[in-house]
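Asker: Sending over a structure as structure tokens; questions will come in a sec.
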Amino acid sequence: MPRRKRKTSAAVETRNWLELPPDVTASILSRLGAIEILNSAQKVCSQWRNICKDPSMWRSIDMRNSGELEDGLVHEQMCFHAVDRSCGHLLDINIEHFGTDGLLFYIAERSVHLRRLRLFACYDISYDTLGEVALKLPCLEELEISICYISKHALETIGRNCPLLKSLKYNHRHCQHYACDDHALAIAQSMPELRRLELLGNALSNEGLQAILDGCRHLEYLDLRQCLNVRLEEDLEKKCMERIKTLRRPYDSTHDYEFSVGDCNAGSSYEYYTLGGISDDDNLFVNGYDDYVEILSASDSSDYDPFGISGASDLCDYDQ
């Protein structure tokens, strides 16, 4: 019996993606980062543009980027605009390689229901700003501050004013060989409801760890990788094993972390690599993108005021 030839549907070959139901299109577009949506997706057609303006698309804002220094101002403009589009419904925001005090205050003023805040390599944010911002974020449940620093006072203020906080990631870039328990004590004294705590590369000692175990009685996950001043011995190790369901020890592998950490020997510092290979000293962070995203040049944003309260809508052309 002759084999039947497989028919090729002309409809499949000429599928019109604009005929998808709006909710399906919105679901697909929501998987893009905010930069991709603002710079590319919404420019495809009027239908996609209208979907991209819906506040429900901006409950989660993901500002992943490659960390190019000249793009920071443009990304901040986009972030202001994305916050405006959320119309007060923002729940989750990720900011990488850019950001200022003004941006954080703007987010806090307009996002009182924010549950998750992630800051990665945001060097232009002042040490105490997050503490002041926390006064306006009573619903915050998850906070990540990686490869940037805040003060002990800011941590204490966050703990006192964010009673729902369950997860804290405070991961450092450099290996510190001197012991310092200031931040560990601030966490222990102000964040009793924590369930998850990451302190990769922290300078805490056994004293700071003991304080955390005593003050954070509900901890289930504790990451102490590259905390080289901690010595898990005898009673302290036993206490950790009894209290913590998942314990990452100081010398455990970091292969599953989002950025790779080199060996940390005496007198050396961390070596950070992107997941795609070794980067130079000025760009040591994972970029999170699979494709290059072409964005506006910073020269197009010379009149931008990061501390303005009128929003980015008047400063960029995304709605035109």
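Each chain in the structure tokens gets a letter, A, B, ..., in the order shown, and its residues are numbered from 1; ligands are numbered from 1 in order too.
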Could you give me, as a tab-separated table, every range 129-179 of chain A residue with an atom at most 12 Å from range 199-223 of chain A, plus its closest atom pair and distance in Å to one decimal, counting only C-alpha atoms, rows ordered by chain then number?

Answerer:
residue	atom	partner	partner_atom	distance
A:Glu144	CA	A:Leu199	CA	10.4
A:Ile145	CA	A:Leu199	CA	10.0
A:Ser146	CA	A:Leu200	CA	9.1
A:Ile147	CA	A:Gly201	CA	9.9
A:Cys148	CA	A:Gly201	CA	11.9
A:Tyr149	CA	A:Asn202	CA	11.0
A:Gly159	CA	A:Cys216	CA	11.4
A:Leu165	CA	A:Cys216	CA	11.6
A:Lys166	CA	A:Leu219	CA	8.9
A:Ser167	CA	A:Tyr221	CA	9.3
A:Leu168	CA	A:Leu199	CA	8.5
A:Lys169	CA	A:Leu199	CA	6.3
A:Tyr170	CA	A:Leu199	CA	5.2
A:Asn171	CA	A:Leu200	CA	4.7
A:His172	CA	A:Gly201	CA	5.1
A:Arg173	CA	A:Gly201	CA	6.8
A:His174	CA	A:Gly201	CA	6.6
A:Cys175	CA	A:Gly201	CA	5.5
A:Gln176	CA	A:Ala203	CA	5.5
A:His177	CA	A:Ala203	CA	6.9
A:Tyr178	CA	A:Ala203	CA	6.6
A:Ala179	CA	A:Ala203	CA	5.1

Asker: Which parts of range 111-157 of chain A does DSSP call alpha helix (DSSP H) when run on the backbone here, written out as number ranges by chain?

Answerer: A: 129-134, 152-157

Asker: Looking only at strand (DSSP E or B) from DSSP on the backbone, list the matching residues of range 15-244 of chain A as an NGL selection string.

Answerer: :A and (60-63 or 92-96 or 116-120 or 142-146 or 167-171 or 196-198 or 221-223)

Asker: Compile the contact shell of Leu137 in chain A as a PyMOL selection string: residues with an atom at most 12 Å away, counting only C-alpha atoms, same-chain residues fewer than 2 positions apart removed.

Answerer: chain A and resi 90-92+104-117+130-135+139-143+157-165

Asker: List the neighbours of Glu96 in chain A out to 8 Å using only C-alpha atoms; skip same-chain residues closer than 5 positions along the sequence, and give me the result as an MDAnalysis selection string.

Answerer: chainID A and resid 63:65 67 119:122
